[in-house]
>>> print(open('structure.pdb').read())   # PDB, C-alpha atoms and all ligand atoms
ATOM      1  CA  MET D   1      27.287 -44.658  -0.718
ATOM      2  CA  ILE D   2      27.085 -40.967  -1.518
ATOM      3  CA  THR D   3      29.641 -39.973  -4.126
ATOM      4  CA  ASP D   4      30.349 -36.720  -5.933
ATOM      5  CA  ASP D   5      28.463 -38.193  -8.923
ATOM      6  CA  THR D   6      25.338 -38.820  -6.812
ATOM      7  CA  ILE D   7      25.468 -35.220  -5.561
ATOM      8  CA  ALA D   8      25.993 -33.985  -9.132
ATOM      9  CA  ASP D   9      23.028 -36.136 -10.328
ATOM     10  CA  ALA D  10      20.837 -34.820  -7.522
ATOM     11  CA  GLY D  11      21.942 -31.264  -8.386
ATOM     12  CA  SER D  12      21.112 -31.707 -12.053
ATOM     13  CA  GLU D  13      17.705 -33.183 -11.121
ATOM     14  CA  LEU D  14      17.016 -30.155  -8.939
ATOM     15  CA  ARG D  15      18.194 -27.749 -11.647
ATOM     16  CA  GLY D  16      16.663 -29.511 -14.629
ATOM     17  CA  GLY D  17      13.393 -30.496 -12.994
ATOM     18  CA  ARG D  18      12.144 -32.403 -10.020
ATOM     19  CA  ALA D  19      13.034 -36.027  -9.381
ATOM     20  CA  PRO D  20      10.005 -38.352  -9.763
ATOM     21  CA  TRP D  21       9.427 -38.617  -5.972
ATOM     22  CA  PHE D  22       9.598 -34.800  -5.711
ATOM     23  CA  ALA D  23       7.047 -34.509  -8.488
ATOM     24  CA  SER D  24       4.652 -36.975  -6.871
ATOM     25  CA  LEU D  25       5.065 -35.263  -3.472
ATOM     26  CA  ALA D  26       4.313 -31.890  -5.078
ATOM     27  CA  ALA D  27       1.266 -33.348  -6.837
ATOM     28  CA  LEU D  28       0.075 -34.845  -3.533
ATOM     29  CA  ARG D  29       0.542 -31.476  -1.809
ATOM     30  CA  MET D  30      -1.371 -29.675  -4.568
ATOM     31  CA  GLY D  31      -4.115 -32.267  -4.325
ATOM     32  CA  TRP D  32      -4.435 -31.752  -0.558
ATOM     33  CA  ALA D  33      -4.302 -27.965  -1.000
ATOM     34  CA  ARG D  34      -7.257 -28.237  -3.394
ATOM     35  CA  VAL D  35      -9.149 -30.497  -0.986
ATOM     36  CA  PHE D  36      -8.531 -28.110   1.949
ATOM     37  CA  SER D  37      -9.399 -25.050  -0.136
ATOM     38  CA  GLY D  38     -12.611 -26.777  -1.271
ATOM     39  CA  LEU D  39     -13.458 -27.721   2.336
ATOM     40  CA  ALA D  40     -12.763 -24.161   3.489
ATOM     41  CA  ASP D  41     -15.147 -22.852   0.817
ATOM     42  CA  VAL D  42     -17.877 -25.187   2.087
ATOM     43  CA  ILE D  43     -17.305 -24.234   5.746
ATOM     44  CA  LEU D  44     -16.590 -20.557   5.035
ATOM     45  CA  PRO D  45     -18.051 -19.767   1.599
ATOM     46  CA  PRO D  46     -16.528 -16.712  -0.131
ATOM     47  CA  SER D  47     -18.409 -13.512   0.680
ATOM     48  CA  CYS D  48     -18.140  -9.950  -0.630
ATOM     49  CA  VAL D  49     -15.743  -7.825   1.451
ATOM     50  CA  GLY D  50     -18.207  -4.920   1.159
ATOM     51  CA  CYS D  51     -21.660  -6.442   1.800
ATOM     52  CA  GLN D  52     -21.088 -10.157   2.660
ATOM     53  CA  ALA D  53     -23.116 -11.323  -0.381
ATOM     54  CA  ARG D  54     -21.998 -14.719  -1.747
ATOM     55  CA  VAL D  55     -19.296 -14.392  -4.412
ATOM     56  CA  LEU D  56     -17.189 -16.888  -6.360
ATOM     57  CA  ALA D  57     -13.808 -16.149  -4.737
ATOM     58  CA  HIS D  58     -12.442 -14.993  -1.386
ATOM     59  CA  ASP D  59     -11.133 -11.428  -0.816
ATOM     60  CA  THR D  60     -13.160  -9.722  -3.517
ATOM     61  CA  LEU D  61     -16.261  -7.568  -4.033
ATOM     62  CA  CYS D  62     -19.618  -8.386  -5.582
ATOM     63  CA  PRO D  63     -20.420  -6.544  -8.867
ATOM     64  CA  SER D  64     -22.665  -4.053  -7.071
ATOM     65  CA  CYS D  65     -19.934  -3.086  -4.563
ATOM     66  CA  TRP D  66     -17.345  -2.809  -7.391
ATOM     67  CA  ARG D  67     -19.561  -0.173  -8.995
ATOM     68  CA  ASP D  68     -19.583   1.771  -5.713
ATOM     69  CA  ILE D  69     -15.793   2.299  -5.755
ATOM     70  CA  ASP D  70     -14.570   5.437  -7.562
ATOM     71  CA  PHE D  71     -11.355   3.954  -8.968
ATOM     72  CA  ILE D  72      -8.845   6.583 -10.076
ATOM     73  CA  ARG D  73      -7.933   6.226 -13.714
ATOM     74  CA  ALA D  74      -5.720   8.230 -16.064
ATOM     75  CA  PRO D  75      -5.487  11.057 -16.920
ATOM     76  CA  LEU D  76      -4.123  12.163 -13.560
ATOM     77  CA  CYS D  77      -1.771  14.723 -12.017
ATOM     78  CA  ASP D  78       1.705  13.193 -11.851
ATOM     79  CA  ARG D  79       2.493  14.939  -8.526
ATOM     80  CA  LEU D  80      -0.767  14.683  -6.560
ATOM     81  CA  GLY D  81      -2.286  11.598  -8.204
ATOM     82  CA  ILE D  82      -5.683  13.292  -8.527
ATOM     83  CA  PRO D  83      -7.803  12.661 -11.638
ATOM     84  CA  LEU D  84      -7.761  15.309 -14.361
ATOM     85  CA  PRO D  85     -10.697  16.057 -16.673
ATOM     86  CA  TYR D  86      -8.845  15.579 -19.956
ATOM     87  CA  ASP D  87      -5.576  14.248 -21.361
ATOM     88  CA  THR D  88      -3.174  16.840 -22.766
ATOM     89  CA  GLY D  89      -0.503  14.226 -23.481
ATOM     90  CA  GLY D  90       2.756  13.526 -21.642
ATOM     91  CA  VAL D  91       3.283  14.094 -17.916
ATOM     92  CA  MET D  92       0.570  16.392 -16.550
ATOM     93  CA  ILE D  93       0.765  18.517 -13.414
ATOM     94  CA  SER D  94      -2.429  19.934 -11.902
ATOM     95  CA  ALA D  95      -2.874  23.619 -11.083
ATOM     96  CA  ALA D  96      -3.127  22.615  -7.407
ATOM     97  CA  ALA D  97       0.332  20.981  -7.513
ATOM     98  CA  VAL D  98       1.826  24.019  -9.250
ATOM     99  CA  ALA D  99       0.260  26.446  -6.732
ATOM    100  CA  ASP D 100       1.234  24.425  -3.659
ATOM    101  CA  PRO D 101       3.930  21.860  -4.579
ATOM    102  CA  PRO D 102       4.080  18.892  -2.189
ATOM    103  CA  ASP D 103       7.328  17.779  -0.525
ATOM    104  CA  PHE D 104       6.922  14.279  -1.974
ATOM    105  CA  ASP D 105       7.616  13.499  -5.625
ATOM    106  CA  ARG D 106       4.517  11.557  -6.730
ATOM    107  CA  ALA D 107       1.326  10.348  -5.090
ATOM    108  CA  ARG D 108      -0.960   7.581  -6.291
ATOM    109  CA  ALA D 109      -4.154   6.170  -4.805
ATOM    110  CA  VAL D 110      -6.533   3.362  -5.679
ATOM    111  CA  ALA D 111      -9.765   5.342  -5.451
ATOM    112  CA  LEU D 112     -11.418   8.522  -4.269
ATOM    113  CA  TYR D 113     -12.238   8.709  -0.571
ATOM    114  CA  ASN D 114     -15.997   8.349  -0.704
ATOM    115  CA  GLY D 115     -18.817   5.782  -0.653
ATOM    116  CA  LEU D 116     -17.827   2.196  -0.006
ATOM    117  CA  MET D 117     -14.075   2.912  -0.035
ATOM    118  CA  ARG D 118     -14.519   5.309   2.880
ATOM    119  CA  ARG D 119     -16.423   2.646   4.841
ATOM    120  CA  LEU D 120     -13.909  -0.125   4.041
ATOM    121  CA  ILE D 121     -11.028   2.082   5.252
ATOM    122  CA  HIS D 122     -12.970   3.056   8.380
ATOM    123  CA  ASP D 123     -13.544  -0.659   9.118
ATOM    124  CA  LEU D 124      -9.847  -1.399   8.572
ATOM    125  CA  LYS D 125      -8.907   1.371  11.030
ATOM    126  CA  TYR D 126     -11.438   0.916  13.786
ATOM    127  CA  LYS D 127     -12.991  -2.518  13.506
ATOM    128  CA  ASP D 128      -9.930  -4.706  12.962
ATOM    129  CA  ALA D 129     -11.461  -5.605   9.583
ATOM    130  CA  LEU D 130      -8.275  -7.245   8.398
ATOM    131  CA  HIS D 131     -10.152  -9.526   6.020
ATOM    132  CA  ALA D 132      -9.993  -6.752   3.376
ATOM    133  CA  ARG D 133      -6.198  -6.506   3.451
ATOM    134  CA  ARG D 134      -5.567  -8.987   0.628
ATOM    135  CA  LEU D 135      -7.960  -7.141  -1.666
ATOM    136  CA  PHE D 136      -6.348  -3.827  -0.671
ATOM    137  CA  GLY D 137      -2.887  -5.282  -1.335
ATOM    138  CA  ARG D 138      -3.869  -6.330  -4.864
ATOM    139  CA  TRP D 139      -5.423  -2.922  -5.603
ATOM    140  CA  LEU D 140      -2.336  -1.090  -4.312
ATOM    141  CA  ILE D 141      -0.045  -3.209  -6.479
ATOM    142  CA  VAL D 142      -2.011  -2.122  -9.573
ATOM    143  CA  ALA D 143      -2.440   1.569  -8.635
ATOM    144  CA  GLY D 144       1.186   1.885  -7.493
ATOM    145  CA  ASN D 145       2.759  -0.288 -10.166
ATOM    146  CA  GLU D 146       5.158   2.407 -11.435
ATOM    147  CA  LEU D 147       6.025   3.730  -7.954
ATOM    148  CA  ILE D 148       6.661   0.243  -6.549
ATOM    149  CA  GLY D 149       8.915  -0.553  -9.516
ATOM    150  CA  ASP D 150      10.971   2.604  -8.875
ATOM    151  CA  CYS D 151      11.338   2.250  -5.082
ATOM    152  CA  ASP D 152      14.241   0.837  -3.055
ATOM    153  CA  VAL D 153      12.430   0.559   0.263
ATOM    154  CA  ILE D 154       8.862   0.650   1.590
ATOM    155  CA  VAL D 155       7.984   2.686   4.707
ATOM    156  CA  ALA D 156       4.538   3.001   6.333
ATOM    157  CA  VAL D 157       3.325   6.351   7.668
ATOM    158  CA  PRO D 158       3.530   5.719  11.425
ATOM    159  CA  LEU D 159       0.848   6.369  14.051
ATOM    160  CA  ALA D 160       1.558   8.331  17.211
ATOM    161  CA  ARG D 161       2.405   6.015  20.119
ATOM    162  CA  GLY D 162      -0.819   6.701  22.037
ATOM    163  CA  ARG D 163      -2.942   6.046  18.971
ATOM    164  CA  LEU D 164      -1.026   2.840  18.234
ATOM    165  CA  ILE D 165      -1.754   1.553  21.755
ATOM    166  CA  SER D 166      -5.482   2.391  21.534
ATOM    167  CA  ARG D 167      -5.889   0.856  18.054
ATOM    168  CA  ARG D 168      -3.397  -1.974  18.636
ATOM    169  CA  PHE D 169      -2.142  -1.884  15.046
ATOM    170  CA  ASN D 170      -1.149   0.603  12.354
ATOM    171  CA  GLN D 171      -3.328   0.121   9.281
ATOM    172  CA  ALA D 172      -0.658   1.736   7.041
ATOM    173  CA  GLN D 173       1.880  -0.860   8.260
ATOM    174  CA  ILE D 174      -0.554  -3.658   7.392
ATOM    175  CA  LEU D 175      -0.922  -2.268   3.865
ATOM    176  CA  ALA D 176       2.871  -1.828   3.574
ATOM    177  CA  ASN D 177       3.389  -5.470   4.622
ATOM    178  CA  GLU D 178       0.939  -6.629   1.949
ATOM    179  CA  ILE D 179       2.719  -4.609  -0.758
ATOM    180  CA  ALA D 180       6.151  -5.841   0.362
ATOM    181  CA  GLY D 181       4.892  -9.440   0.371
ATOM    182  CA  LEU D 182       3.395  -9.176  -3.117
ATOM    183  CA  SER D 183       6.204  -7.152  -4.725
ATOM    184  CA  GLY D 184       9.256  -8.593  -2.941
ATOM    185  CA  LYS D 185      10.506  -5.063  -2.163
ATOM    186  CA  PRO D 186      12.238  -4.533   1.216
ATOM    187  CA  ILE D 187      10.379  -2.851   4.033
ATOM    188  CA  ALA D 188      11.837  -0.681   6.817
ATOM    189  CA  PRO D 189       9.280  -0.797   9.670
ATOM    190  CA  LEU D 190      11.378   1.213  12.146
ATOM    191  CA  ALA D 191      12.750   3.856   9.784
ATOM    192  CA  LEU D 192      10.139   6.533  10.502
ATOM    193  CA  VAL D 193       8.477   7.439  13.809
ATOM    194  CA  ARG D 194       5.813   9.940  14.760
ATOM    195  CA  THR D 195       7.003  12.240  17.476
ATOM    196  CA  LYS D 196       3.715  13.995  18.209
ATOM    197  CA  ARG D 197       0.011  13.387  17.893
ATOM    198  CA  THR D 198      -1.570  15.682  15.296
ATOM    199  CA  ARG D 199      -5.113  17.031  14.902
ATOM    200  CA  GLN D 200      -7.351  16.111  11.970
ATOM    201  CA  GLN D 201      -6.117  18.112   8.977
ATOM    202  CA  VAL D 202      -9.541  18.608   7.392
ATOM    203  CA  GLY D 203     -10.967  22.092   7.972
ATOM    204  CA  LEU D 204      -7.603  23.669   8.823
ATOM    205  CA  SER D 205      -6.062  26.463   6.739
ATOM    206  CA  ARG D 206      -2.836  25.759   4.823
ATOM    207  CA  ALA D 207      -0.729  27.515   7.494
ATOM    208  CA  GLU D 208      -2.544  25.636  10.302
ATOM    209  CA  ARG D 209      -2.052  22.306   8.530
ATOM    210  CA  GLN D 210       1.665  22.946   8.179
ATOM    211  CA  ARG D 211       1.958  23.990  11.846
ATOM    212  CA  ASN D 212      -0.051  20.942  12.919
ATOM    213  CA  VAL D 213       2.317  18.450  11.273
ATOM    214  CA  ALA D 214       5.573  20.428  11.618
ATOM    215  CA  GLY D 215       8.236  18.198  13.163
ATOM    216  CA  ALA D 216       5.723  15.345  13.562
ATOM    217  CA  PHE D 217       8.023  12.748  11.958
ATOM    218  CA  LEU D 218      11.587  11.669  12.546
ATOM    219  CA  VAL D 219      14.016   9.094  11.187
ATOM    220  CA  PRO D 220      15.427   7.798  14.494
ATOM    221  CA  PRO D 221      19.178   7.575  15.105
ATOM    222  CA  GLY D 222      20.568   4.352  13.681
ATOM    223  CA  GLN D 223      17.909   4.132  10.947
ATOM    224  CA  GLU D 224      19.416   6.688   8.536
ATOM    225  CA  SER D 225      21.276   3.969   6.615
ATOM    226  CA  ARG D 226      17.908   2.397   5.676
ATOM    227  CA  ILE D 227      16.884   5.697   4.050
ATOM    228  CA  ALA D 228      20.005   7.606   2.852
ATOM    229  CA  GLY D 229      20.346   7.563  -0.941
ATOM    230  CA  LYS D 230      17.184   5.429  -1.313
ATOM    231  CA  ALA D 231      13.984   5.931  -3.286
ATOM    232  CA  VAL D 232      11.359   5.559  -0.559
ATOM    233  CA  LEU D 233       7.768   4.487  -1.116
ATOM    234  CA  LEU D 234       5.590   5.793   1.728
ATOM    235  CA  ILE D 235       2.355   3.939   2.391
ATOM    236  CA  ASP D 236      -0.758   5.433   4.012
ATOM    237  CA  ASP D 237      -4.448   4.566   4.058
ATOM    238  CA  VAL D 238      -5.792   7.979   2.997
ATOM    239  CA  ILE D 239      -4.213  11.128   1.581
ATOM    240  CA  THR D 240      -6.453  13.936   2.838
ATOM    241  CA  THR D 241      -4.717  17.275   2.324
ATOM    242  CA  GLY D 242      -1.249  15.921   1.533
ATOM    243  CA  ALA D 243       0.236  17.858   4.481
ATOM    244  CA  THR D 244       0.912  14.683   6.502
ATOM    245  CA  ALA D 245       2.615  13.006   3.539
ATOM    246  CA  SER D 246       4.650  16.171   2.947
ATOM    247  CA  ALA D 247       5.761  16.299   6.601
ATOM    248  CA  ALA D 248       6.804  12.631   6.484
ATOM    249  CA  ALA D 249       8.589  13.300   3.178
ATOM    250  CA  ARG D 250      10.533  16.200   4.727
ATOM    251  CA  ALA D 251      11.779  13.961   7.553
ATOM    252  CA  LEU D 252      12.837  11.270   5.050
ATOM    253  CA  LYS D 253      14.579  13.838   2.810
ATOM    254  CA  LYS D 254      16.438  15.188   5.861
ATOM    255  CA  ALA D 255      17.741  11.644   6.377
ATOM    256  CA  GLY D 256      19.005  11.629   2.778
ATOM    257  CA  ALA D 257      16.228   9.887   0.797
ATOM    258  CA  SER D 258      16.762  10.428  -2.931
ATOM    259  CA  ARG D 259      13.046  10.464  -3.763
ATOM    260  CA  ILE D 260       9.765   9.966  -1.937
ATOM    261  CA  ASP D 261       6.589   8.685  -3.541
ATOM    262  CA  ILE D 262       3.394   8.021  -1.629
ATOM    263  CA  LEU D 263       0.854   5.301  -2.275
ATOM    264  CA  ALA D 264      -2.516   5.184  -0.523
ATOM    265  CA  LEU D 265      -5.834   3.404  -0.763
ATOM    266  CA  ALA D 266      -7.761   6.605  -1.225
ATOM    267  CA  ILE D 267      -7.330  10.279  -1.860
ATOM    268  CA  ALA D 268      -9.751  12.976  -0.710
ATOM    269  CA  GLY D 269     -11.312  15.402  -3.155
ATOM    270  CA  SER D 270     -13.955  14.261  -5.601
ATOM    271  CA  THR D 271     -13.914  17.053  -8.146
ATOM    272  CA  PRO D 272     -11.415  16.741 -10.978
ATOM    273  CA  VAL D 273      -8.977  19.662 -10.995
ATOM    274  CA  GLY D 274      -7.836  21.162 -14.305
ATOM    275  CA  PRO D 275      -4.159  20.928 -15.313
TER
HETATM  276 ZN    ZN R 301     -20.957  -6.514  -2.141
END
>>> encode(input="structure.pdb", output="structure tokens")
Amino acid sequence: MITDDTIADAGSELRGGRAPWFASLAALRMGWARVFSGLADVILPPSCVGCQARVLAHDTLCPSCWRDIDFIRAPLCDRLGIPLPYDTGGVMISAAAVADPPDFDRARAVALYNGLMRRLIHDLKYKDALHARRLFGRWLIVAGNELIGDCDVIVAVPLARGRLISRRFNQAQILANEIAGLSGKPIAPLALVRTKRTRQQVGLSRAERQRNVAGAFLVPPGQESRIAGKAVLLIDDVITTGATASAAARALKKAGASRIDILALAIAGSTPVGP
């Protein structure tokens, strides 16, 4: 017979620790998980995400590929996230950010857009190479640690509709899902849409870049409540000139976002810029 005391006992067992049968079930599950993981390693041994060489764990790089990634480390520009040649102490703003301030508050990226990182991102975009997404998720959590901590909601930079149909998925949304899953922060997948297809920004003048992305993003009616008063973390694969991120930031600010930070896998520009 189930009494209030039995329920109370069960509750205290759940709060204070698992009942013996729970513990043995959990141990059994862990045992099976180890067996399956071991079997999976035999059938599908871990290989480097960059070159397929054998490695000790899944979703990682071999030492040689690690060395081929230009990870961005401090000191860096607080606004643009680009590396700076020396540390002057405190929050540093690059000359580039002072001359042409972005519409977002802070940008951070895992690495520079060159070498292996460029190829890994290209594979993610065009070859459905989703096997790298767990590694990317872990990198983004480290590079964007401060920005993720400060954000209220995560939003991916959207693709134009035509491009989404031809590629079948939005790589920025995949990265955003990974970050949301690892950090527990909420994600708003419908809060920002792209209203026009834009040209490649590289090679365009500043005025052309701004014209190219002007009005390219919109917070659709009914989605403003997901954005208004919120600190938004925008996710993209690459920050090239920053004009796309700025255009997306303007649309989010128009909808009432309190701050907009952007986190990407890579940022273009390999030469450190002086503060
Ligand atoms: Zn490798």
>>> closest_residue(input="structure.pdb", among="D:Leu252, D:Leu120, D:Ala214, D:Leu84", to="D:Leu234", atoms="only C-alpha atoms")
D:Leu252
>>> residues_around(input="structure.pdb", residues="stretch 221-229 of chain D", least_positions_apart="6", cutoff="6 Å", atoms="all atoms listed in the file", output="list in words")
Ala191, Ala255, Gly256, Ala257 and Ser258 of chain D
>>> resolve_selection(input="structure.pdb", expression="the PyMOL selection byres (((chain D and resi 62-69) around 10) and not hetatm)", output="PyMOL selection string")
chain D and resi 47-57+60-61+70-72+110-118
>>> residues_around(input="structure.pdb", residues="D:Lys185", least_positions_apart="5", cutoff="9 Å", atoms="all atoms listed in the file", output="PyMOL selection string")
chain D and resi 148-149+151-154+179-180
>>> residues_near_point(input="structure.pdb", point="(-0.2, 22.2, 13.9)", cutoff="12 Å", atoms="all atoms listed in the file", output="compact mmCIF listing (two decimals) with C-alpha atoms, keeping the file's coordinate frame")
# COMPACT_ATOMS: atom_id res chain seq x y z
CA LYS D 196 3.72 14.00 18.21
CA ARG D 197 0.01 13.39 17.89
CA THR D 198 -1.57 15.68 15.30
CA ARG D 199 -5.11 17.03 14.90
CA GLN D 200 -7.35 16.11 11.97
CA GLN D 201 -6.12 18.11 8.98
CA VAL D 202 -9.54 18.61 7.39
CA LEU D 204 -7.60 23.67 8.82
CA SER D 205 -6.06 26.46 6.74
CA ARG D 206 -2.84 25.76 4.82
CA ALA D 207 -0.73 27.52 7.49
CA GLU D 208 -2.54 25.64 10.30
CA ARG D 209 -2.05 22.31 8.53
CA GLN D 210 1.66 22.95 8.18
CA ARG D 211 1.96 23.99 11.85
CA ASN D 212 -0.05 20.94 12.92
CA VAL D 213 2.32 18.45 11.27
CA ALA D 214 5.57 20.43 11.62
CA GLY D 215 8.24 18.20 13.16
CA ALA D 216 5.72 15.34 13.56
CA ALA D 243 0.24 17.86 4.48
CA THR D 244 0.91 14.68 6.50
CA ALA D 247 5.76 16.30 6.60
>>> closest_residue(input="structure.pdb", among="D:Pro46, D:Pro85, D:Gly181, D:Gly137", to="ligand ZN 301 (chain R)", atoms="all atoms listed in the file")
D:Pro46
>>> atom_distance(input="structure.pdb", atom1="atom CA of D:Leu80", atom2="atom CA of D:Pro102")
7.8 Å
>>> atom_distance(input="structure.pdb", atom1="atom CA of D:Asp87", atom2="atom CA of D:Phe136")
27.5 Å
>>> resolve_selection(input="structure.pdb", expression="the PyMOL selection byres (((chain D and resi 177) around 10) and not hetatm)", output="list in words")
Arg133, Gly137, Ile154, Val155, Ala156, Gln171, Ala172, Gln173, Ile174, Leu175, Ala176, Glu178, Ile179, Ala180, Gly181, Leu182, Ser183, Lys185, Pro186, Ile187, Ala188, Pro189 and Ile235 of chain D
>>> residues_near_point(input="structure.pdb", point="(-1.1, 22.5, -9.4)", cutoff="10 Å", atoms="only C-alpha atoms", output="list in words")
Cys77, Arg79, Leu80, Met92, Ile93, Ser94, Ala95, Ala96, Ala97, Val98, Ala99, Asp100, Pro101, Pro102, Val273, Gly274 and Pro275 of chain D
>>> closest_residue(input="structure.pdb", among="D:Asp59, D:Ala249, D:Ile262, D:Leu159", to="ligand ZN 301 (chain R)", atoms="all atoms listed in the file")
D:Asp59
>>> atom_distance(input="structure.pdb", atom1="atom CA of D:Asp261", atom2="atom CA of D:Leu140")
13.3 Å
>>> closest_residue(input="structure.pdb", among="D:His58, D:Asp237, D:Ser246, D:Lys253", to="D:Val219", atoms="all atoms listed in the file")
D:Lys253
>>> resolve_selection(input="structure.pdb", expression="the PyMOL selection byres (((chain D and resi 126) around 12) and not hetatm)", output="list of chain:residue names")
D:Arg119, D:Leu120, D:Ile121, D:His122, D:Asp123, D:Leu124, D:Lys125, D:Lys127, D:Asp128, D:Ala129, D:Leu130, D:Arg163, D:Leu164, D:Ser166, D:Arg167, D:Arg168, D:Phe169, D:Asn170, D:Gln171
>>> build_atoms(input="structure.pdb", residues="stretch 222-243 of chain D", atoms="N, CA and C atoms", output="short mmCIF file (atom, residue, chain, number, x, y, z; two decimals), keeping the file's coordinate frame")
data_model
loop_
_atom_site.label_atom_id
_atom_site.label_comp_id
_atom_site.auth_asym_id
_atom_site.auth_seq_id
_atom_site.Cartn_x
_atom_site.Cartn_y
_atom_site.Cartn_z
N GLY D 222 20.29 5.76 13.98
CA GLY D 222 20.57 4.35 13.68
C GLY D 222 19.78 3.83 12.50
N GLN D 223 18.74 4.59 12.07
CA GLN D 223 17.91 4.13 10.95
C GLN D 223 18.24 4.86 9.64
N GLU D 224 19.13 5.88 9.73
CA GLU D 224 19.42 6.69 8.54
C GLU D 224 19.94 5.84 7.38
N SER D 225 20.69 4.79 7.69
CA SER D 225 21.28 3.97 6.62
C SER D 225 20.19 3.24 5.81
N ARG D 226 19.00 3.05 6.41
CA ARG D 226 17.91 2.40 5.68
C ARG D 226 17.31 3.36 4.65
N ILE D 227 17.56 4.66 4.83
CA ILE D 227 16.88 5.70 4.05
C ILE D 227 17.85 6.45 3.11
N ALA D 228 19.07 6.75 3.60
CA ALA D 228 20.00 7.61 2.85
C ALA D 228 20.27 7.06 1.45
N GLY D 229 20.09 7.92 0.45
CA GLY D 229 20.35 7.56 -0.94
C GLY D 229 19.29 6.66 -1.56
N LYS D 230 18.20 6.38 -0.83
CA LYS D 230 17.18 5.43 -1.31
C LYS D 230 15.94 6.15 -1.86
N ALA D 231 15.31 5.49 -2.83
CA ALA D 231 13.98 5.93 -3.29
C ALA D 231 12.97 5.26 -2.36
N VAL D 232 12.26 6.09 -1.59
CA VAL D 232 11.36 5.56 -0.56
C VAL D 232 9.91 5.59 -1.06
N LEU D 233 9.21 4.51 -0.83
CA LEU D 233 7.77 4.49 -1.12
C LEU D 233 7.04 4.51 0.22
N LEU D 234 6.35 5.63 0.48
CA LEU D 234 5.59 5.79 1.73
C LEU D 234 4.19 5.23 1.52
N ILE D 235 3.70 4.52 2.51
CA ILE D 235 2.36 3.94 2.39
C ILE D 235 1.44 4.53 3.46
N ASP D 236 0.24 4.96 3.05
CA ASP D 236 -0.76 5.43 4.01
C ASP D 236 -2.12 4.91 3.57
N ASP D 237 -3.11 5.02 4.47
CA ASP D 237 -4.45 4.57 4.06
C ASP D 237 -5.15 5.64 3.23
N VAL D 238 -5.11 6.90 3.71
CA VAL D 238 -5.79 7.98 3.00
C VAL D 238 -4.87 9.19 2.89
N ILE D 239 -4.87 9.83 1.73
CA ILE D 239 -4.21 11.13 1.58
C ILE D 239 -5.35 12.15 1.66
N THR D 240 -5.36 12.96 2.72
CA THR D 240 -6.45 13.94 2.84
C THR D 240 -6.02 15.25 2.22
N THR D 241 -5.16 16.00 2.90
CA THR D 241 -4.72 17.27 2.32
C THR D 241 -3.32 17.16 1.72
N GLY D 242 -2.63 16.08 2.01
CA GLY D 242 -1.25 15.92 1.53
C GLY D 242 -0.23 16.49 2.51
N ALA D 243 -0.70 17.23 3.54
CA ALA D 243 0.24 17.86 4.48
C ALA D 243 0.97 16.82 5.33
#
